[in-house]
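Engineer: So I've got this file, coords_18.cif, and it contains mmCIF, C-alpha atoms:
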```cif
data_upload
#
loop_
_atom_site.label_atom_id
_atom_site.label_comp_id
_atom_site.auth_asym_id
_atom_site.auth_seq_id
_atom_site.Cartn_x
_atom_site.Cartn_y
_atom_site.Cartn_z
CA CYS C 1 80.68 68.44 40.95
CA ASN C 2 77.12 67.30 40.19
CA ASP C 3 78.38 64.40 38.10
CA GLY C 4 80.32 62.94 41.02
CA PHE C 5 77.89 63.65 43.85
CA SER C 6 76.55 60.32 45.06
CA ALA C 7 73.82 59.10 47.40
CA GLU C 8 76.51 57.62 49.66
CA GLU C 9 78.20 60.99 50.02
CA LEU C 10 74.93 62.76 50.80
CA LEU C 11 73.89 60.17 53.36
CA GLY C 12 77.33 60.32 54.96
CA ARG C 13 77.00 64.07 55.41
CA LEU C 14 73.52 63.72 56.86
CA ASN C 15 74.66 61.06 59.31
CA HIS C 16 77.58 63.27 60.33
CA HIS C 17 75.20 66.18 60.93
CA CYS C 18 72.87 63.94 62.90
CA ASN C 19 75.70 62.67 65.11
CA LEU C 20 76.88 66.22 65.76
CA ASN C 21 73.43 67.05 67.06
CA GLY C 22 73.10 64.23 69.58
CA GLY C 23 71.49 61.65 67.35
CA CYS C 24 68.79 63.89 65.84
CA VAL C 25 66.87 64.45 69.06
CA SER C 26 65.02 67.21 67.20
CA PRO C 27 64.66 65.78 63.68
CA PRO C 28 63.76 68.03 60.76
CA ARG C 29 60.16 68.14 59.65
CA ALA C 30 61.05 68.08 55.95
CA PHE C 31 63.87 67.01 53.65
CA LEU C 32 63.86 68.82 50.30
CA PHE C 33 66.00 67.52 47.45
CA GLY C 34 66.47 69.29 44.14
CA TYR C 35 67.39 68.58 40.54
CA PRO C 36 68.03 64.82 40.41
CA HIS C 37 68.13 64.96 36.61
CA LEU C 38 71.34 66.98 36.87
CA MET C 39 73.04 64.40 39.11
CA PRO C 40 73.71 61.09 37.31
CA LYS C 41 74.48 59.22 40.53
CA MET C 42 71.27 60.40 42.24
CA GLN C 43 68.73 58.88 39.88
CA GLY C 44 66.39 55.92 39.61
CA ASP C 45 66.90 53.23 42.24
CA ASN C 46 69.77 55.23 43.77
CA LEU C 47 67.41 58.18 44.31
CA ARG C 48 64.72 55.95 45.81
CA SER C 49 67.18 54.21 48.12
CA MET C 50 68.61 57.54 49.28
CA LEU C 51 65.19 59.04 50.03
CA GLU C 52 64.09 55.92 51.91
CA GLN C 53 67.27 56.04 54.00
CA VAL C 54 66.68 59.72 54.78
CA ARG C 55 63.17 58.79 55.91
CA ARG C 56 64.52 56.11 58.24
CA THR C 57 67.21 58.43 59.60
CA TYR C 58 64.93 61.33 60.43
CA SER C 59 61.71 59.56 61.41
CA LYS C 60 61.23 58.48 65.00
CA ASP C 61 58.74 57.92 67.81
CA ILE C 62 58.40 61.03 69.95
CA GLU C 63 57.80 60.20 73.61
CA ASN C 64 57.89 63.77 74.87
CA ASP C 65 56.88 66.75 72.76
CA ASN C 66 59.30 68.96 74.72
CA GLU C 67 62.08 67.32 72.73
CA THR C 68 61.03 69.16 69.59
CA ILE C 69 59.05 72.14 70.81
CA SER C 70 61.93 74.58 70.37
CA ASN C 71 62.06 73.80 66.68
CA SER C 72 58.43 72.96 65.88
CA ASP C 73 54.93 74.25 66.40
CA VAL C 74 53.58 71.34 68.41
CA ASN C 75 51.15 71.74 71.30
CA THR C 76 53.03 71.08 74.55
CA ASN C 77 49.87 69.96 76.33
CA ASN C 78 49.77 66.69 74.40
CA LYS C 79 52.26 64.22 75.87
CA ASN C 80 51.11 61.12 74.05
CA ASN C 81 53.65 59.12 72.09
CA ARG C 82 53.56 60.08 68.44
CA HIS C 83 55.48 59.17 65.34
CA HIS C 84 57.50 61.82 63.58
CA ARG C 85 57.70 61.09 59.86
CA VAL C 86 59.87 63.46 57.90
CA LEU C 87 58.25 64.89 54.77
CA ILE C 88 60.16 64.16 51.54
CA GLY C 89 59.99 66.78 48.78
CA VAL C 90 61.71 66.69 45.39
CA ASP C 91 62.09 69.67 43.06
CA LEU C 92 62.77 69.01 39.37
CA ASN C 93 65.01 70.88 36.95
CA GLY C 94 67.14 69.85 34.00
CA VAL C 95 64.60 67.31 32.70
CA ASP C 96 65.87 66.57 29.19
CA GLY C 97 63.14 66.15 26.63
CA SER C 98 65.59 64.86 24.04
CA ASP C 99 65.85 61.54 25.89
CA VAL C 100 62.44 60.88 27.35
CA ASP C 101 63.19 57.33 28.47
CA ALA C 102 66.22 58.47 30.45
CA ALA C 103 64.27 61.35 32.00
CA ARG C 104 61.58 58.97 33.21
CA ALA C 105 64.06 56.35 34.40
CA ALA C 106 65.76 58.98 36.55
CA LEU C 107 62.56 59.69 38.51
CA PHE C 108 59.94 56.97 38.21
CA PRO C 109 61.56 54.34 40.49
CA ALA C 110 61.67 56.93 43.30
CA LEU C 111 58.10 58.28 43.07
CA SER C 112 56.80 56.01 45.83
CA ALA C 113 59.28 57.65 48.21
CA ILE C 114 58.31 61.22 47.26
CA ASP C 115 55.61 62.99 49.25
CA ILE C 116 55.65 66.27 47.30
CA LEU C 117 56.90 66.60 43.73
CA HIS C 118 57.38 70.05 42.23
CA LEU C 119 57.63 70.45 38.46
CA ASN C 120 56.43 72.65 35.61
CA GLU C 121 54.23 71.92 32.60
CA ASP C 122 57.11 71.20 30.23
CA GLU C 123 58.59 68.70 32.67
CA ALA C 124 55.20 67.06 33.13
CA LYS C 125 54.93 66.57 29.37
CA VAL C 126 58.35 64.91 29.19
CA LEU C 127 57.57 62.59 32.09
CA SER C 128 54.26 61.39 30.71
CA SER C 129 54.33 57.60 30.88
CA SER C 130 52.15 57.05 27.83
CA SER C 131 50.55 58.85 24.90
CA LEU C 132 46.91 59.79 25.21
CA HIS C 133 44.29 58.20 23.05
CA GLN C 134 41.24 60.27 22.16
CA ASP C 135 39.01 58.47 24.67
CA ASP C 136 41.55 59.18 27.44
CA GLU C 137 41.57 62.82 26.46
CA ASP C 138 37.77 63.01 26.44
CA GLU C 139 37.65 61.43 29.90
CA ALA C 140 40.29 63.81 31.23
CA SER C 141 38.40 66.78 29.76
CA SER C 142 35.15 65.68 31.38
CA LYS C 143 36.90 65.45 34.75
CA GLY C 144 39.00 68.55 34.26
CA ARG C 145 37.40 70.72 36.89
CA THR C 146 39.16 72.20 39.85
CA GLU C 147 38.39 74.23 42.94
CA THR C 148 39.56 77.81 42.48
CA LYS C 149 40.85 80.09 45.19
CA ASN C 150 37.36 81.45 45.73
CA GLY C 151 35.93 77.98 46.32
CA HIS C 152 34.01 77.75 43.04
CA ASP C 153 34.42 75.09 40.39
CA GLU C 154 35.54 76.06 36.92
CA SER C 155 37.07 74.33 33.95
CA SER C 156 40.59 73.24 34.73
CA PRO C 157 43.36 75.40 33.24
CA ILE C 158 45.40 72.23 32.80
CA ALA C 159 45.33 70.58 29.39
CA ALA C 160 43.82 67.11 29.29
CA PRO C 161 47.15 65.41 28.46
CA ILE C 162 48.78 66.94 31.54
CA GLN C 163 45.84 65.83 33.70
CA SER C 164 46.59 62.31 32.51
CA GLN C 165 50.27 62.77 33.27
CA LEU C 166 49.53 63.88 36.82
CA ARG C 167 47.38 60.79 37.35
CA SER C 168 50.26 58.65 36.09
CA LEU C 169 52.66 60.21 38.62
CA HIS C 170 50.16 59.57 41.41
CA GLN C 171 49.70 55.97 40.29
CA LYS C 172 53.45 55.47 40.66
CA GLY C 173 53.25 56.54 44.29
CA CYS C 174 53.70 60.31 44.54
CA ALA C 175 51.32 61.77 47.15
CA ILE C 176 51.11 65.45 46.20
CA ILE C 177 52.08 67.24 43.00
CA LEU C 178 52.78 70.97 42.91
CA LEU C 179 52.72 72.10 39.28
CA SER C 180 54.13 75.54 38.47
CA LEU C 181 52.20 77.46 35.82
CA GLY C 182 54.35 80.60 35.66
CA SER C 183 52.24 83.74 35.49
CA GLN C 184 49.12 81.56 35.77
CA GLY C 185 50.03 80.52 39.31
CA SER C 186 50.16 76.89 40.38
CA TYR C 187 48.12 73.71 40.40
CA ILE C 188 47.97 71.28 43.31
CA SER C 189 46.99 67.65 42.74
CA ILE C 190 46.35 65.23 45.62
CA THR C 191 46.63 61.48 45.21
CA PRO C 192 43.29 59.65 44.97
CA ASP C 193 44.75 56.91 47.19
CA PRO C 194 43.66 57.54 50.82
CA ASN C 195 46.22 55.04 52.13
CA ARG C 196 49.05 57.02 50.52
CA LEU C 197 47.79 60.19 52.18
CA LYS C 198 47.70 58.46 55.57
CA GLN C 199 51.43 57.89 55.23
CA LEU C 200 51.86 61.67 55.61
CA SER C 201 50.32 61.60 59.07
CA HIS C 202 52.55 62.93 61.84
CA SER C 203 52.44 65.45 64.64
CA SER C 204 52.82 68.63 62.56
CA SER C 205 51.43 67.69 59.15
CA CYS C 206 48.05 68.64 57.75
CA ALA C 207 48.12 66.76 54.44
CA SER C 208 46.91 63.37 55.69
CA ARG C 209 43.48 64.95 56.26
CA TRP C 210 43.15 66.36 52.75
CA THR C 211 40.52 65.00 50.38
CA PRO C 212 41.92 62.24 48.13
CA GLY C 213 41.81 63.21 44.46
CA MET C 214 41.33 66.91 45.14
CA GLN C 215 42.83 69.42 42.71
CA VAL C 216 43.23 73.14 43.41
CA ARG C 217 44.39 76.03 41.28
CA VAL C 218 46.01 79.00 43.04
CA PRO C 219 46.79 82.27 41.24
CA ALA C 220 50.02 84.23 41.02
CA TYR C 221 50.04 87.80 42.30
CA THR C 222 50.92 91.12 40.70
CA ILE C 223 53.91 93.18 41.84
CA GLY C 224 52.43 96.65 41.77
CA HIS C 225 55.56 98.72 41.24
CA GLY C 226 56.64 96.57 38.31
CA GLU C 227 60.19 95.77 39.41
CA VAL C 228 60.22 92.00 38.86
CA ASN C 229 62.95 89.37 39.10
CA ALA C 230 61.40 85.92 38.65
CA ASN C 231 64.64 83.99 39.18
CA GLY C 232 64.04 81.44 41.94
CA ALA C 233 60.26 81.85 41.97
CA GLY C 234 59.68 78.10 41.62
CA ASP C 235 62.10 77.33 44.44
CA ALA C 236 60.29 79.81 46.69
CA LEU C 237 56.89 78.37 45.78
CA PHE C 238 58.08 74.84 46.57
CA ALA C 239 59.71 75.82 49.88
CA GLY C 240 56.66 77.76 51.06
CA PHE C 241 54.32 74.92 50.21
CA CYS C 242 56.48 72.32 51.97
CA LEU C 243 56.71 74.54 55.06
CA VAL C 244 52.93 74.56 55.41
CA VAL C 245 52.45 70.85 54.69
CA SER C 246 55.23 69.71 57.03
CA SER C 247 54.79 72.12 59.90
CA TRP C 248 51.39 73.76 60.22
CA GLY C 249 49.06 70.92 61.11
CA GLY C 250 46.42 71.07 63.84
CA ASP C 251 48.09 72.15 67.08
CA ALA C 252 50.70 74.10 65.16
CA VAL C 253 48.05 76.45 63.80
CA ARG C 254 46.69 77.11 67.28
CA ARG C 255 50.13 77.99 68.52
CA LEU C 256 50.89 80.25 65.59
CA CYS C 257 47.56 82.06 65.99
CA ALA C 258 48.09 82.42 69.73
CA LYS C 259 51.46 84.06 69.15
CA ARG C 260 49.69 86.73 67.09
CA GLY C 261 46.93 87.22 69.63
CA GLY C 262 44.32 85.34 67.63
CA ASN C 263 42.05 82.48 68.56
CA ASP C 264 40.07 81.84 65.38
CA VAL C 265 41.41 78.35 64.79
CA ASN C 266 38.73 77.53 62.24
CA ALA C 267 40.13 80.26 60.00
CA TRP C 268 43.30 78.20 59.72
CA GLU C 269 41.99 74.88 58.51
CA LEU C 270 44.97 74.01 56.38
CA THR C 271 43.43 73.02 53.10
CA PRO C 272 45.45 72.65 49.87
CA GLU C 273 44.09 76.09 48.93
CA VAL C 274 45.57 77.67 52.08
CA ALA C 275 48.92 75.95 51.54
CA GLY C 276 48.98 77.01 47.90
CA THR C 277 48.05 80.61 48.68
CA PHE C 278 50.81 80.89 51.26
CA ALA C 279 53.30 79.39 48.79
CA SER C 280 52.16 81.82 46.11
CA LEU C 281 52.78 84.73 48.49
CA VAL C 282 56.28 83.44 49.22
CA ALA C 283 56.96 83.31 45.46
CA TRP C 284 55.42 86.77 45.07
CA GLN C 285 57.94 88.20 47.54
CA ARG C 286 60.78 86.38 45.80
CA CYS C 287 59.81 87.91 42.46
CA ASP C 288 59.68 91.42 43.94
CA ALA C 289 63.05 92.98 43.11
CA ARG C 290 62.69 95.26 46.13
CA THR C 291 62.17 92.51 48.72
CA ARG C 292 63.92 89.43 47.31
CA ASP C 293 67.20 90.25 49.08
CA GLY C 294 65.61 90.67 52.50
CA GLU C 295 64.83 94.38 52.81
CA GLY C 296 61.11 94.70 53.51
CA MET C 297 60.62 90.94 53.36
CA ARG C 298 57.53 89.83 55.27
CA SER C 299 57.76 86.99 57.77
CA ALA C 300 55.59 83.87 57.65
CA PHE C 301 53.45 85.45 60.37
CA ASP C 302 52.96 88.57 58.26
CA LEU C 303 51.93 86.51 55.24
CA MET C 304 49.47 84.60 57.43
CA ASP C 305 48.01 87.90 58.61
CA MET C 306 47.57 89.00 55.01
CA MET C 307 45.69 85.79 54.25
CA LYS C 308 43.54 86.02 57.38
CA LYS C 309 42.53 89.59 56.61
CA GLY C 310 42.01 88.88 52.92
CA ASP C 311 44.57 91.58 52.20
CA LEU C 312 46.09 89.84 49.19
CA PRO C 313 47.81 91.43 46.20
CA GLU C 314 45.98 91.75 42.92
CA ILE C 315 45.80 88.50 40.97
CA LEU C 316 48.13 88.38 38.00
CA LYS C 317 46.13 87.99 34.78
#
```
Mind turning this structure into structure tokens?

Structural biologist:
Amino acid sequence: CNDGFSAEELLGRLNHHCNLNGGCVSPPRAFLFGYPHLMPKMQGDNLRSMLEQVRRTYSKDIENDNETISNSDVNTNNKNNRHHRVLIGVDLNGVDGSDVDAARAALFPALSAIDILHLNEDEAKVLSSSSLHQDDEDEASSKGRTETKNGHDESSPIAAPIQSQLRSLHQKGCAIILLSLGSQGSYISITPDPNRLKQLSHSSSCASRWTPGMQVRVPAYTIGHGEVNANGAGDALFAGFCLVVSSWGGDAVRRLCAKRGGNDVNAWELTPEVAGTFASLVAWQRCDARTRDGEGMRSAFDLMDMMKKGDLPEILK
């Protein structure tokens, strides 16, 4: 099935869905696509073309916020025309290290169309565009500092070669990289290009205001009772992160806080750290064998309350 699935078929299904819903009057805030390396017809230029077409299909000028208020967290008091730009996220899996050139060719032509790329350390190593020389490694080591969850700087947990690989992915056009580190949590890298970040600007996004070049490490959390099922943890991390980036900007935060009876808007400045912490909590629930199937699962509001109160699980060490 994967071998035959083509960009044309996917776009046809999206157009059909759009037509069924009155021409996408309420377009989605994000389009998440997974595992291009497992789909031969969804790679390279085909992947880029497909993502660009999705962007054109689901991006539009919004003349009246009431059009989307039922499905978004946008302040209804602002009636100015705004541009809705759908967020494009891509999740990697099946990256074959035995054929590095093919693995890179499957992704690199599409990086300029990808707003958020999710991958793990092994995949980052395969996709490295060049080998490091010693001077590159020394430079990466000297710059390898990152803001931790507590706001302090410490030596980056990311090896110098991977730091170089992340820079290479940014140089090819990717705006935000979410790197899974397993039990060590995750690492968020923001493009140093301010113009690329501005492309993320739309009514519900927060990412266009992030600091270019910023890097943040976020921890994973312990499941106290010990019943763990880590299957799907990366998918949950990616989905939670994209939810925040695509949907919780500015006015959205005020509305979410108001629904919970709060008014401390400043507590919800949506930094990469906040987005990463929320995503880590989503993954934490997914790994909990007692909540992963829905029973006892906390809502997004509940996870926000945990963050606001500082009532977070113990950090996994």

Engineer: Evaluated on this file, the PyMOL selection byres ((chain C and resi 206-213) around 7) picks out some residues - which ones are they, written as a PyMOL selection string?

Structural biologist: chain C and resi 190-194+197-198+200-201+204-205+214-215+245+248-250+270-271

Engineer: Applying 10 Å and only C-alpha atoms, which residues near Asn93 of chain C remain after dropping the ones on its own chain fewer than 5 positions away? List them as an MDAnalysis selection string.

Structural biologist: chainID C and resid 34:38 118:120 123

Engineer: Take the residues from that selection and put them in a file with C-alpha atoms, as a tab-separated table (two decimals), in the frame of the given file.

Structural biologist:
```tsv
chain	number	residue	atom	x	y	z
C	34	GLY	CA	66.47	69.29	44.14
C	35	TYR	CA	67.39	68.58	40.54
C	36	PRO	CA	68.03	64.82	40.41
C	37	HIS	CA	68.13	64.96	36.61
C	38	LEU	CA	71.34	66.98	36.87
C	118	HIS	CA	57.38	70.05	42.23
C	119	LEU	CA	57.63	70.45	38.46
C	120	ASN	CA	56.43	72.65	35.61
C	123	GLU	CA	58.59	68.70	32.67
```

Engineer: Calculated over only C-alpha atoms, which of the candidates C:Ser246, C:Asn46, C:Ser189, C:Asn231 has the smallest distance to Ile88 of chain C?

Structural biologist: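 Between C:Ser246, C:Asn46, C:Ser189, C:Asn231, the residue approaching Ile88 of chain C most closely is C:Ser246.
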
Engineer: Between atom CA of Ile116 of chain C and atom CA of Ala159 of chain C, what distance in Å does the model show, to one decimal?

Structural biologist: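 Separation of atom CA of Ile116 of chain C and atom CA of Ala159 of chain C: 21.1 Å.
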
Engineer: When the PyMOL selection byres ((chain C and resi 100-106) around 8) is applied to the file above, which residues end up in the set, as a list of chain:residue names?

Structural biologist: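 Going through the file, the PyMOL selection byres ((chain C and resi 100-106) around 8) ends up selecting C:Pro36, C:His37, C:Gln43, C:Gly44, C:Leu47, C:Val95, C:Asp96, C:Gly97, C:Ser98, C:Asp99, C:Leu107, C:Phe108, C:Pro109, C:Val126, C:Leu127, C:Ser129.
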
Engineer: Distance atom CA of Gln165 of chain C-atom CA of Val216 of chain C, one decimal place?

Structural biologist: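 Straight-line distance from atom CA of Gln165 of chain C to atom CA of Val216 of chain C works out to 16.1 Å.
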
Engineer: One number please: atom CA of Tyr221 of chain C to atom CA of Lys308 of chain C, in Å, one decimal.

Structural biologist: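 So the answer is 16.5 Å.
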
Engineer: Mind telling me what the PyMOL selection byres ((chain C and resi 2-15) around 7) catches here, as a ChimeraX atom specification?

Structural biologist: /C:1,16-19,38-42,46,50

Engineer: Measuring atom to atom with only C-alpha atoms, identify which of C:Glu295, C:Ala113, C:Gly226, C:Ala220 is nearest to Gln53 of chain C.

Structural biologist: C:Ala113

Engineer: Could you list, as a list in words, every residue within 6 Å of Gly185 of chain C, counting only C-alpha atoms and ignoring same-chain residues fewer than 2 positions away?

Structural biologist: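 Contacts, with the query itself left out: Leu181, Gly182, Ser183, Val218, Pro219 and Ala220 of chain C.
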
Engineer: Select, from C:Val54, C:Cys287, C:Leu166, C:Ala110, the residue with the minimum atom-to-atom distance to Glu227 of chain C, counting only C-alpha atoms.

Structural biologist: C:Cys287

Engineer: Could you give me, as a PyMOL selection string, the residues within 12 Å of Gln285 of chain C, counting all atoms listed in the file and dropping anything in the same chain fewer than 2 positions from it?

Structural biologist: chain C and resi 220-224+227-234+236-237+240+278-283+287-300+302-303+313

Engineer: Which residue out of C:Asp122, C:Asp115, C:Asp311, C:Asp91 has the minimum interatomic distance to Glu52 of chain C when all atoms listed in the file are used?

Structural biologist: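 Smallest distance to Glu52 of chain C is found for C:Asp115.
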
Engineer: Can you list, as a list in words, every protein, DNA or RNA residue that comes within 6 Å of Tyr187 of chain C when you count only C-alpha atoms, leaving out same-chain residues fewer than 4 positions away?

Structural biologist: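 The residues satisfying every condition are Leu178, Leu179, Val216 and Arg217 of chain C.
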